[in-house]
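**Q** Here you go, this is model03.cif (mmCIF, C-alpha atoms).
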data_model
#
loop_
_atom_site.label_atom_id
_atom_site.label_comp_id
_atom_site.auth_asym_id
_atom_site.auth_seq_id
_atom_site.Cartn_x
_atom_site.Cartn_y
_atom_site.Cartn_z
CA MET J 5 105.79 49.56 86.44
CA SER J 6 103.28 49.59 83.60
CA PHE J 7 100.09 51.50 83.09
CA SER J 8 97.25 51.34 80.63
CA ILE J 9 95.76 54.02 78.47
CA LYS J 10 92.00 53.78 78.25
CA GLN J 11 90.17 54.92 75.21
CA SER J 12 86.68 53.95 74.17
CA ALA J 13 86.84 50.27 73.08
CA LEU J 14 90.61 50.55 72.48
CA PRO J 15 92.73 48.87 75.21
CA LEU J 16 96.42 49.60 74.85
CA ASN J 17 99.22 48.44 77.14
CA VAL J 18 102.14 50.84 77.39
CA SER J 19 105.34 50.27 79.29
CA ARG J 20 106.53 53.26 81.27
CA SER J 21 110.04 52.76 80.03
CA VAL J 22 109.10 53.72 76.49
CA VAL J 23 107.59 57.13 77.42
CA PRO J 24 110.15 59.93 76.93
CA ARG J 25 111.24 61.99 79.94
CA ARG J 26 109.28 65.25 80.23
CA SER J 27 110.76 68.69 80.56
CA PRO J 28 111.16 69.79 84.22
CA SER J 29 109.55 73.15 83.48
CA ILE J 30 106.30 71.47 82.61
CA ARG J 31 104.73 69.40 85.32
CA PRO J 32 101.66 67.81 83.89
CA SER J 33 99.84 65.44 86.13
CA PHE J 34 98.25 62.34 84.89
CA SER J 35 96.74 59.27 86.45
CA PRO J 36 97.41 55.69 85.46
CA TYR J 37 94.41 56.06 83.16
CA LEU J 38 94.93 58.82 80.62
CA ASN J 39 92.13 60.17 78.49
CA LEU J 40 93.45 60.80 74.96
CA GLN J 41 91.76 64.10 74.32
CA SER J 42 93.05 67.54 73.52
CA ASN J 43 91.23 70.74 74.41
CA ALA J 44 89.93 71.02 70.88
CA ILE J 45 88.68 67.49 70.85
CA LYS J 46 86.85 67.93 74.11
CA LYS J 47 84.78 70.70 72.62
CA THR J 48 83.66 68.68 69.62
CA THR J 49 83.41 64.96 69.93
CA LEU J 50 84.85 62.15 71.94
CA VAL J 51 87.62 60.10 70.36
CA SER J 52 86.60 56.48 70.08
CA ALA J 53 87.68 53.43 68.14
CA SER J 54 86.17 50.02 67.84
CA VAL J 55 88.26 47.19 66.54
CA SER J 56 87.74 43.46 66.43
CA LYS J 57 91.44 42.58 66.09
CA PRO J 58 94.20 43.17 68.67
CA LEU J 59 96.42 46.18 68.05
CA HIS J 60 100.12 46.35 68.88
CA ILE J 61 101.95 49.60 69.56
CA SER J 62 104.73 50.29 67.08
CA SER J 63 105.84 53.70 68.41
CA ILE J 64 104.85 56.24 71.07
CA ARG J 65 105.67 59.92 71.02
CA SER J 66 104.89 62.58 73.64
CA CYS J 67 104.23 66.10 72.41
CA PHE J 68 104.17 68.93 74.95
CA HIS J 69 103.25 72.50 74.23
CA ARG J 70 103.10 75.44 76.60
CA GLU J 71 99.37 75.97 76.23
CA GLU J 72 98.24 72.37 75.80
CA LYS J 73 98.14 69.31 77.94
CA PRO J 74 100.41 66.42 76.96
CA VAL J 75 99.16 64.21 74.19
CA VAL J 76 100.41 60.67 73.82
CA ARG J 77 100.43 59.59 70.16
CA CYS J 78 100.38 55.89 69.53
CA LYS J 79 100.91 54.13 66.21
CA ALA J 80 99.51 50.63 65.96
CA TYR J 81 99.03 47.87 63.45
CA GLU J 82 96.66 44.92 63.29
CA THR J 83 98.01 41.49 64.08
CA ASP J 84 97.35 39.97 60.65
CA LYS J 85 99.03 42.89 58.88
CA SER J 86 102.38 42.60 60.62
CA PRO J 87 105.57 42.73 58.51
CA SER J 88 106.20 39.02 59.09
CA ALA J 89 102.92 38.15 57.35
CA GLY J 90 104.14 39.84 54.17
CA VAL J 91 107.40 37.89 54.28
CA LYS J 92 105.57 34.59 54.68
CA SER J 93 103.26 35.44 51.80
CA GLU J 94 106.21 36.26 49.53
CA THR J 95 107.97 33.02 50.49
CA ALA J 96 104.84 30.97 49.76
CA GLN J 97 104.55 32.64 46.37
CA ARG J 98 108.15 31.77 45.49
CA VAL J 99 107.62 28.15 46.53
CA LYS J 100 104.48 27.98 44.38
CA ILE J 101 106.31 29.31 41.32
CA GLY J 102 109.19 26.92 42.00
CA ILE J 103 106.82 23.94 42.01
CA TYR J 104 105.27 25.16 38.75
CA PHE J 105 108.70 25.45 37.14
CA ALA J 106 109.92 22.02 38.31
CA THR J 107 106.73 20.32 37.08
CA TRP J 108 106.86 22.21 33.81
CA TRP J 109 110.47 21.16 33.15
CA ALA J 110 109.87 17.48 34.04
CA LEU J 111 106.81 17.21 31.78
CA ASN J 112 108.70 18.91 28.96
CA VAL J 113 111.55 16.38 29.18
CA VAL J 114 109.09 13.48 28.88
CA PHE J 115 107.34 15.13 25.94
CA ASN J 116 110.58 15.72 24.03
CA ILE J 117 111.69 12.11 24.48
CA TYR J 118 108.45 10.62 23.17
CA ASN J 119 108.12 13.24 20.45
CA LYS J 120 111.57 12.42 19.08
CA LYS J 121 110.84 8.68 19.24
CA VAL J 122 107.71 9.22 17.16
CA LEU J 123 109.45 11.48 14.62
CA ASN J 124 112.30 9.00 14.18
CA VAL J 125 109.94 6.36 12.78
CA TYR J 126 107.07 8.57 11.62
CA PRO J 127 108.52 11.77 10.10
CA PHE J 128 105.32 13.75 9.74
CA PRO J 129 105.72 16.82 11.99
CA TRP J 130 102.56 18.58 10.75
CA LEU J 131 100.34 15.64 11.70
CA THR J 132 102.23 15.13 14.98
CA SER J 133 101.67 18.79 15.89
CA THR J 134 97.98 18.54 14.99
CA LEU J 135 97.49 15.43 17.14
CA SER J 136 99.08 17.21 20.11
CA LEU J 137 96.63 20.12 19.82
CA ALA J 138 93.67 17.78 19.26
CA CYS J 139 94.56 15.76 22.35
CA GLY J 140 94.89 18.90 24.45
CA SER J 141 91.54 20.24 23.26
CA LEU J 142 89.82 16.94 24.06
CA MET J 143 91.40 16.77 27.53
CA MET J 144 90.19 20.25 28.41
CA LEU J 145 86.65 19.63 27.12
CA VAL J 146 86.45 16.48 29.26
CA SER J 147 87.89 18.36 32.27
CA TRP J 148 85.27 21.06 31.92
CA ALA J 149 82.47 18.52 31.45
CA VAL J 150 83.29 16.55 34.62
CA ARG J 151 84.27 19.71 36.54
CA ILE J 152 87.87 18.68 37.14
CA ALA J 153 88.69 22.19 35.95
CA GLU J 154 86.41 25.18 36.31
CA PRO J 155 85.15 26.10 32.83
CA PRO J 156 85.53 29.71 31.70
CA LYS J 157 82.45 31.88 32.00
CA ILE J 158 81.85 32.39 28.31
CA ASP J 159 78.88 32.05 25.99
CA LEU J 160 78.27 31.67 22.27
CA GLU J 161 78.94 35.36 21.68
CA PHE J 162 82.41 34.93 23.16
CA TRP J 163 83.32 32.27 20.59
CA LYS J 164 81.80 34.30 17.77
CA ALA J 165 83.95 37.23 18.81
CA LEU J 166 87.10 35.09 18.55
CA PHE J 167 86.74 34.68 14.79
CA PRO J 168 88.57 37.35 12.79
CA VAL J 169 85.49 38.80 11.09
CA ARG J 170 85.65 41.71 13.47
CA PHE J 171 87.44 42.50 16.71
CA PRO J 172 84.95 43.85 19.25
CA SER J 173 87.71 44.38 21.79
CA LEU J 174 91.49 44.33 21.97
CA PHE J 175 91.35 41.17 24.09
CA PHE J 176 89.99 39.08 21.24
CA PHE J 177 92.63 40.49 18.90
CA PHE J 178 95.33 39.33 21.32
CA VAL J 179 93.74 35.87 21.55
CA TRP J 180 93.89 35.38 17.79
CA LEU J 181 97.39 36.83 17.53
CA VAL J 182 98.61 34.47 20.25
CA ALA J 183 96.89 31.50 18.57
CA VAL J 184 98.68 32.15 15.27
CA ALA J 185 102.02 32.63 17.03
CA HIS J 186 101.50 29.44 19.07
CA THR J 187 100.65 27.45 15.95
CA ILE J 188 103.73 28.65 14.05
CA GLY J 189 106.05 28.11 17.01
CA HIS J 190 104.72 24.62 17.71
CA VAL J 191 104.98 23.41 14.11
CA ALA J 192 108.41 25.02 13.55
CA ALA J 193 109.85 23.36 16.66
CA THR J 194 108.43 19.96 15.65
CA VAL J 195 109.83 20.32 12.12
CA SER J 196 113.21 21.19 13.62
CA MET J 197 113.27 18.10 15.85
CA SER J 198 112.31 15.90 12.91
CA LYS J 199 115.48 17.02 11.09
CA VAL J 200 118.12 17.38 13.84
CA ALA J 201 118.87 16.09 17.32
CA VAL J 202 116.70 17.24 20.22
CA SER J 203 119.76 18.68 21.95
CA PHE J 204 120.66 20.85 18.93
CA THR J 205 117.10 22.19 18.61
CA HIS J 206 117.07 23.22 22.25
CA ILE J 207 120.53 24.75 22.11
CA ILE J 208 119.32 27.05 19.34
CA LYS J 209 116.08 27.71 21.19
CA SER J 210 118.06 28.79 24.25
CA GLY J 211 118.52 32.07 22.38
CA GLU J 212 114.88 32.97 23.13
CA PRO J 213 115.75 35.75 25.64
CA ALA J 214 117.59 37.59 22.85
CA PHE J 215 114.45 37.52 20.71
CA SER J 216 112.38 38.57 23.72
CA VAL J 217 114.52 41.64 24.37
CA LEU J 218 114.66 42.65 20.71
CA VAL J 219 110.90 42.31 20.22
CA SER J 220 110.15 44.15 23.47
CA ARG J 221 112.60 46.93 22.58
CA PHE J 222 111.79 47.62 18.92
CA LEU J 223 108.10 46.69 18.73
CA LEU J 224 106.82 47.53 22.21
CA GLY J 225 109.23 50.35 23.03
CA ASP J 226 110.49 48.80 26.29
CA THR J 227 113.94 49.83 27.51
CA PHE J 228 116.49 47.76 29.41
CA PRO J 229 119.71 48.56 31.28
CA PRO J 230 123.02 48.08 29.41
CA ALA J 231 123.80 44.93 31.41
CA VAL J 232 120.80 43.18 29.84
CA TYR J 233 122.04 43.91 26.32
CA LEU J 234 125.58 42.79 27.20
CA SER J 235 124.25 39.50 28.59
CA LEU J 236 122.82 38.70 25.17
CA LEU J 237 126.32 38.46 23.64
CA PRO J 238 127.25 35.09 25.23
CA ILE J 239 123.76 33.75 24.45
CA ILE J 240 124.07 34.59 20.77
CA GLY J 241 127.75 33.60 20.62
CA GLY J 242 127.15 30.25 22.34
CA CYS J 243 124.26 29.36 20.04
CA ALA J 244 126.35 30.30 16.97
CA LEU J 245 129.30 28.18 18.16
CA ALA J 246 127.04 25.19 18.81
CA ALA J 247 125.45 25.51 15.37
CA LEU J 248 128.77 25.77 13.54
CA THR J 249 130.18 22.68 15.27
CA GLU J 250 127.06 20.49 15.08
CA LEU J 251 127.93 17.14 13.50
CA ASN J 252 124.51 16.59 11.92
CA PHE J 253 123.70 20.17 10.99
CA ASN J 254 120.58 20.68 8.89
CA MET J 255 119.42 24.10 7.65
CA THR J 256 115.73 23.19 7.88
CA GLY J 257 116.20 22.11 11.47
CA PHE J 258 118.16 25.26 12.30
CA MET J 259 115.63 27.63 10.71
CA GLY J 260 112.75 25.79 12.37
CA ALA J 261 114.27 26.41 15.80
CA MET J 262 114.88 30.10 15.00
CA ILE J 263 111.33 30.64 13.73
CA SER J 264 109.99 28.86 16.80
CA ASN J 265 111.98 31.24 19.02
CA LEU J 266 110.48 34.30 17.41
CA ALA J 267 106.92 32.94 17.36
CA PHE J 268 106.98 31.84 21.00
CA VAL J 269 108.30 35.23 22.12
CA PHE J 270 105.30 36.88 20.46
CA ARG J 271 103.06 34.26 22.07
CA ASN J 272 104.44 34.89 25.56
CA ILE J 273 104.33 38.68 25.33
CA PHE J 274 100.82 38.93 23.94
CA SER J 275 99.53 36.11 26.15
CA LYS J 276 100.42 38.25 29.15
CA LYS J 277 98.72 41.28 27.59
CA GLY J 278 95.64 39.27 26.69
CA MET J 279 95.39 37.75 30.18
CA LYS J 280 95.95 41.06 31.98
CA GLY J 281 92.84 42.21 33.80
CA LYS J 282 90.77 39.26 32.57
CA SER J 283 88.97 36.68 34.68
CA VAL J 284 90.17 33.82 32.43
CA SER J 285 92.81 31.78 34.23
CA GLY J 286 96.06 30.73 32.60
CA MET J 287 94.81 27.14 32.27
CA ASN J 288 91.57 28.09 30.52
CA TYR J 289 93.34 30.71 28.42
CA TYR J 290 95.69 28.05 27.07
CA ALA J 291 92.76 25.68 26.47
CA CYS J 292 91.03 28.27 24.27
CA LEU J 293 94.37 28.96 22.59
CA CYS J 294 94.88 25.25 21.92
CA MET J 295 91.47 24.90 20.30
CA LEU J 296 92.01 27.96 18.10
CA SER J 297 95.44 26.68 17.05
CA LEU J 298 93.89 23.33 16.13
CA VAL J 299 91.39 25.12 13.86
CA ILE J 300 94.23 27.08 12.23
CA LEU J 301 96.65 24.16 11.82
CA THR J 302 94.40 21.35 10.57
CA PRO J 303 93.85 22.58 6.98
CA PHE J 304 97.55 23.38 6.60
CA ALA J 305 98.56 19.92 7.84
CA ILE J 306 96.23 18.28 5.33
CA ALA J 307 97.59 20.46 2.50
CA VAL J 308 101.29 19.93 3.34
CA GLU J 309 101.29 16.20 4.12
CA GLY J 310 97.88 14.69 3.47
CA PRO J 311 95.98 11.56 4.59
CA HIS J 312 97.59 9.27 2.01
CA MET J 313 101.10 9.95 3.30
CA TRP J 314 99.91 9.61 6.91
CA ALA J 315 98.27 6.22 6.30
CA ALA J 316 101.29 4.78 4.51
CA GLY J 317 103.70 6.06 7.15
CA TRP J 318 101.49 4.77 9.97
CA LYS J 319 101.49 1.21 8.60
CA GLU J 320 105.24 1.27 8.23
CA ALA J 321 105.79 2.57 11.78
CA VAL J 322 103.45 0.02 13.35
CA SER J 323 105.13 -2.83 11.44
CA LEU J 324 108.53 -1.61 12.61
CA ILE J 325 107.76 -0.80 16.28
CA GLY J 326 104.54 -2.67 16.97
CA SER J 327 101.62 -1.53 19.10
CA GLN J 328 104.05 0.37 21.32
CA PHE J 329 104.15 3.06 18.64
CA ILE J 330 100.52 3.95 19.41
CA TRP J 331 101.51 4.58 23.05
CA TRP J 332 104.35 6.82 21.90
CA VAL J 333 101.97 8.97 19.86
CA ALA J 334 99.48 9.17 22.73
CA ALA J 335 102.20 9.99 25.29
CA GLN J 336 103.77 12.78 23.26
CA SER J 337 100.33 14.33 22.72
CA ILE J 338 99.29 14.10 26.38
CA PHE J 339 102.56 15.38 27.83
CA TYR J 340 102.67 18.22 25.32
CA HIS J 341 99.36 19.49 26.62
CA LEU J 342 100.27 18.99 30.28
CA TYR J 343 103.57 20.86 30.13
CA ASN J 344 101.96 23.76 28.28
CA GLN J 345 99.13 23.89 30.82
CA VAL J 346 101.63 24.17 33.67
CA SER J 347 103.70 26.75 31.79
CA TYR J 348 100.63 28.96 31.38
CA MET J 349 99.82 28.57 35.06
CA SER J 350 103.35 29.91 35.66
CA LEU J 351 102.75 32.77 33.22
CA ASP J 352 99.82 33.78 35.44
CA GLU J 353 102.34 34.64 38.17
CA ILE J 354 105.40 36.03 36.36
CA SER J 355 106.45 38.41 33.60
CA PRO J 356 107.07 37.30 29.98
CA LEU J 357 110.82 37.90 30.34
CA THR J 358 111.03 35.77 33.47
CA PHE J 359 109.01 33.14 31.62
CA SER J 360 111.61 33.20 28.80
CA VAL J 361 114.42 32.71 31.31
CA GLY J 362 112.62 29.78 32.92
CA ASN J 363 111.98 28.34 29.49
CA THR J 364 115.69 28.56 28.66
CA MET J 365 116.83 27.02 31.95
CA LYS J 366 114.39 24.18 31.27
CA ARG J 367 116.42 23.35 28.18
CA ILE J 368 119.38 22.29 30.29
CA SER J 369 117.45 19.27 31.56
CA VAL J 370 116.09 18.56 28.06
CA ILE J 371 119.54 18.76 26.43
CA VAL J 372 121.22 16.54 29.03
CA SER J 373 118.44 13.93 29.12
CA SER J 374 118.19 13.70 25.31
CA ILE J 375 121.94 13.25 24.92
CA ILE J 376 121.88 10.40 27.45
CA ILE J 377 118.79 8.64 26.11
CA PHE J 378 119.49 8.96 22.38
CA HIS J 379 123.29 8.64 22.71
CA THR J 380 123.79 11.83 20.74
CA PRO J 381 127.47 12.38 19.83
CA VAL J 382 128.71 15.72 21.17
CA GLN J 383 132.05 17.32 20.38
CA PRO J 384 133.81 19.28 23.16
CA ILE J 385 133.56 22.53 21.17
CA ASN J 386 129.85 21.89 20.67
CA ALA J 387 129.36 21.36 24.40
CA LEU J 388 131.33 24.56 25.04
CA GLY J 389 128.94 26.53 22.82
CA ALA J 390 125.96 25.16 24.72
CA ALA J 391 127.59 26.01 28.06
CA ILE J 392 128.31 29.59 26.94
CA ALA J 393 124.70 30.03 25.84
CA ILE J 394 123.41 28.75 29.18
CA LEU J 395 125.87 30.98 31.03
CA GLY J 396 124.58 33.93 29.04
CA THR J 397 121.07 33.05 30.13
CA PHE J 398 122.17 33.08 33.77
CA LEU J 399 123.84 36.47 33.32
CA TYR J 400 120.72 37.73 31.59
CA SER J 401 118.52 36.67 34.51
CA GLN J 402 120.89 38.40 36.95
CA ALA J 403 120.90 41.57 34.88
CA LYS J 404 117.10 41.54 34.79
CA ALA J 405 116.96 41.04 38.56
#
Spell out the structure here as structure tokens.
**A**
Amino acid sequence: MSFSIKQSALPLNVSRSVVPRRSPSIRPSFSPYLNLQSNAIKKTTLVSASVSKPLHISSIRSCFHREEKPVVRCKAYETDKSPSAGVKSETAQRVKIGIYFATWWALNVVFNIYNKKVLNVYPFPWLTSTLSLACGSLMMLVSWAVRIAEPPKIDLEFWKALFPVRFPSLFFFFVWLVAVAHTIGHVAATVSMSKVAVSFTHIIKSGEPAFSVLVSRFLLGDTFPPAVYLSLLPIIGGCALAALTELNFNMTGFMGAMISNLAFVFRNIFSKKGMKGKSVSGMNYYACLCMLSLVILTPFAIAVEGPHMWAAGWKEAVSLIGSQFIWWVAAQSIFYHLYNQVSYMSLDEISPLTFSVGNTMKRISVIVSSIIIFHTPVQPINALGAAIAILGTFLYSQAKA
């Protein structure tokens, strides 16, 4: 048999089986309709509740005292705030991040393939890096103009504040710091791939979590459990073994990958700090970063390589490859921007360390695809070093979890 408890605008259905058995010495009488009021409440004001959503009882407890009438205490929750709703929300978030990561990795593979094709016949990494940033800046300006992407809510004063004459807030300091780090990391990685195989560059760059931990520990004061530090040993050891056994080892290529690691760690850490608490989305943040990096890089590219070298190299590449070379340059520039856009959308949702792990796991697909496409010779000991480094990355992610 079931009865209902009536309270002003609060219908609750209670099963009799869930009400605890009362003490025999106390014989309170109650009707099928109980009024939830104590003696004290009766003297003051009437208990009432008005809700627009159904409530479900989570627990009922009867409290009996010698001088008071029984009071039935009910705990309830709204339908849309049930525990299952939180689980669904968490699952949807994980799926969203998974889609971001898969798209990011696929776009990065395509970029690396076309970038290496361009560098093989047109070895001008400073110009190649500049074209990538210029293409990304143009794509975002067009996207904002036609409202494909929502433009950031900024004015002329915002752009004035970005220049390093003065720093009116810490946010603008972070933006400029990230822009410099992004520029250095981008150019260093491109220089590395112009000197060595794509697979070797990415094997060395798989050591990024080690740089991330060291920078976070000694510069930011973050602490990590011992398991995190131990997981860095196979990462460092695997990268060292792969470098020592590389058939076409080049010191410029090796140092470029190492510098890129360090610069991108700074970029990721301070990007998260700069984006924290700001209304600028990850996509628009990267767009501003890309434009600033273009401003920083252009004069250096002209000074290091120069238009005369670019023109001569361009004629030679077109005569060797044909008009298809122009498509290669365009493709590497477009896909560079797209994969970075998606990576910053991921950074909106995760921590910098998790971003570094995802970035390292991405290298597995890049390494494998580049070896297959470019027929890169790999010794067994070299492959072992790469496998140890990737295993260290997995252990690192488990230790962080």
**Q** With distances taken over only C-alpha atoms, which residue among J:Ser347, J:Val333, J:Ala149, J:Asn116 lies nearest J:Val370?
**A**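 Smallest separation from J:Val370 among the options: J:Asn116.
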**Q** Do you have the atom CA of J:Leu236-atom CA of J:Gly102 distance handy?
**A**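 Atom CA of J:Gly102 lies at a distance of 24.7 Å from atom CA of J:Leu236.
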**Q** What is the distance, in Å and to one decimal place, between atom CA of J:Leu324 and atom CA of J:Pro129?
**A** 18.7 Å
**Q** One decimal, Å: what's the distance from atom CA of J:Thr302 over to atom CA of J:Ala185, could you say?
**A**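 Atom-to-atom, atom CA of J:Thr302 to atom CA of J:Ala185, that is 15.1 Å.
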**Q** Which residue, J:Phe177, J:Tyr348, J:Phe215, J:Phe253, has the smallest gap to J:Val269 when you use only C-alpha atoms?
**A** J:Phe215
**Q** Would you please work out which residue, of J:Ala192, J:Leu123, J:Leu395, J:Ala390, is nearest to J:Leu248 when using only C-alpha atoms?
**A**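 Using only C-alpha atoms, J:Leu248 sits closest to J:Ala390.
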**Q** With all atoms listed in the file as the basis for distance, which of J:Ile117, J:Ile263, J:Leu137, J:Val122 is at the shortest distance from J:Gly317?
**A** J:Val122
**Q** Taking 3 positions as the minimum chain separation for residues in the same chain, which residues sit within 12 Å of J:Tyr104 when counting only C-alpha atoms? Answer as a ChimeraX atom specification.
**A** /J:97-101,107-111,342-354,359,362-363,366
**Q** Given only C-alpha atoms as the basis, pick out the residue of J:Val200, J:Ala403, J:Cys294, J:Ala321 nearest to J:Val182.
**A**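 Once distances to J:Val182 are computed over only C-alpha atoms, the minimum belongs to J:Cys294.
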**Q** From the list J:Met255, J:Leu223, J:Leu135, J:Ile240, which residue is nearest J:Thr397 when using only C-alpha atoms?
**A**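 Of J:Met255, J:Leu223, J:Leu135, J:Ile240, the one nearest J:Thr397, counting only C-alpha atoms, is J:Ile240.
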**Q** Starting from the PyMOL selection byres ((chain J and resi 250) around 8), expand the selection into actual residues of this file and give them as a list in words.
**A**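 Answer for the PyMOL selection byres ((chain J and resi 250) around 8): Phe204, Ala246, Ala247, Leu248, Thr249, Leu251, Asn252, Phe253, Val382, Gln383 and Asn386 of chain J.
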**Q** Please check which residues have atoms at most 6 Å from (101.4, 21.7, 15.5) in the file's coordinates, counting only C-alpha atoms, and write them as a VMD selection string.
**A** chain J and resid 130 133 to 134 187 190 to 191
**Q** Output as lines of an AutoDock Vina configuration file the centre and edge lengths (Å, one decimal) of the box along x, y and z of the file that holds every listed atom of stretch 119-124 of chain J after adding 5 Å on each side.
**A**
center_x = 110.0
center_y = 11.0
center_z = 17.3
size_x = 14.6
size_y = 14.6
size_z = 16.3
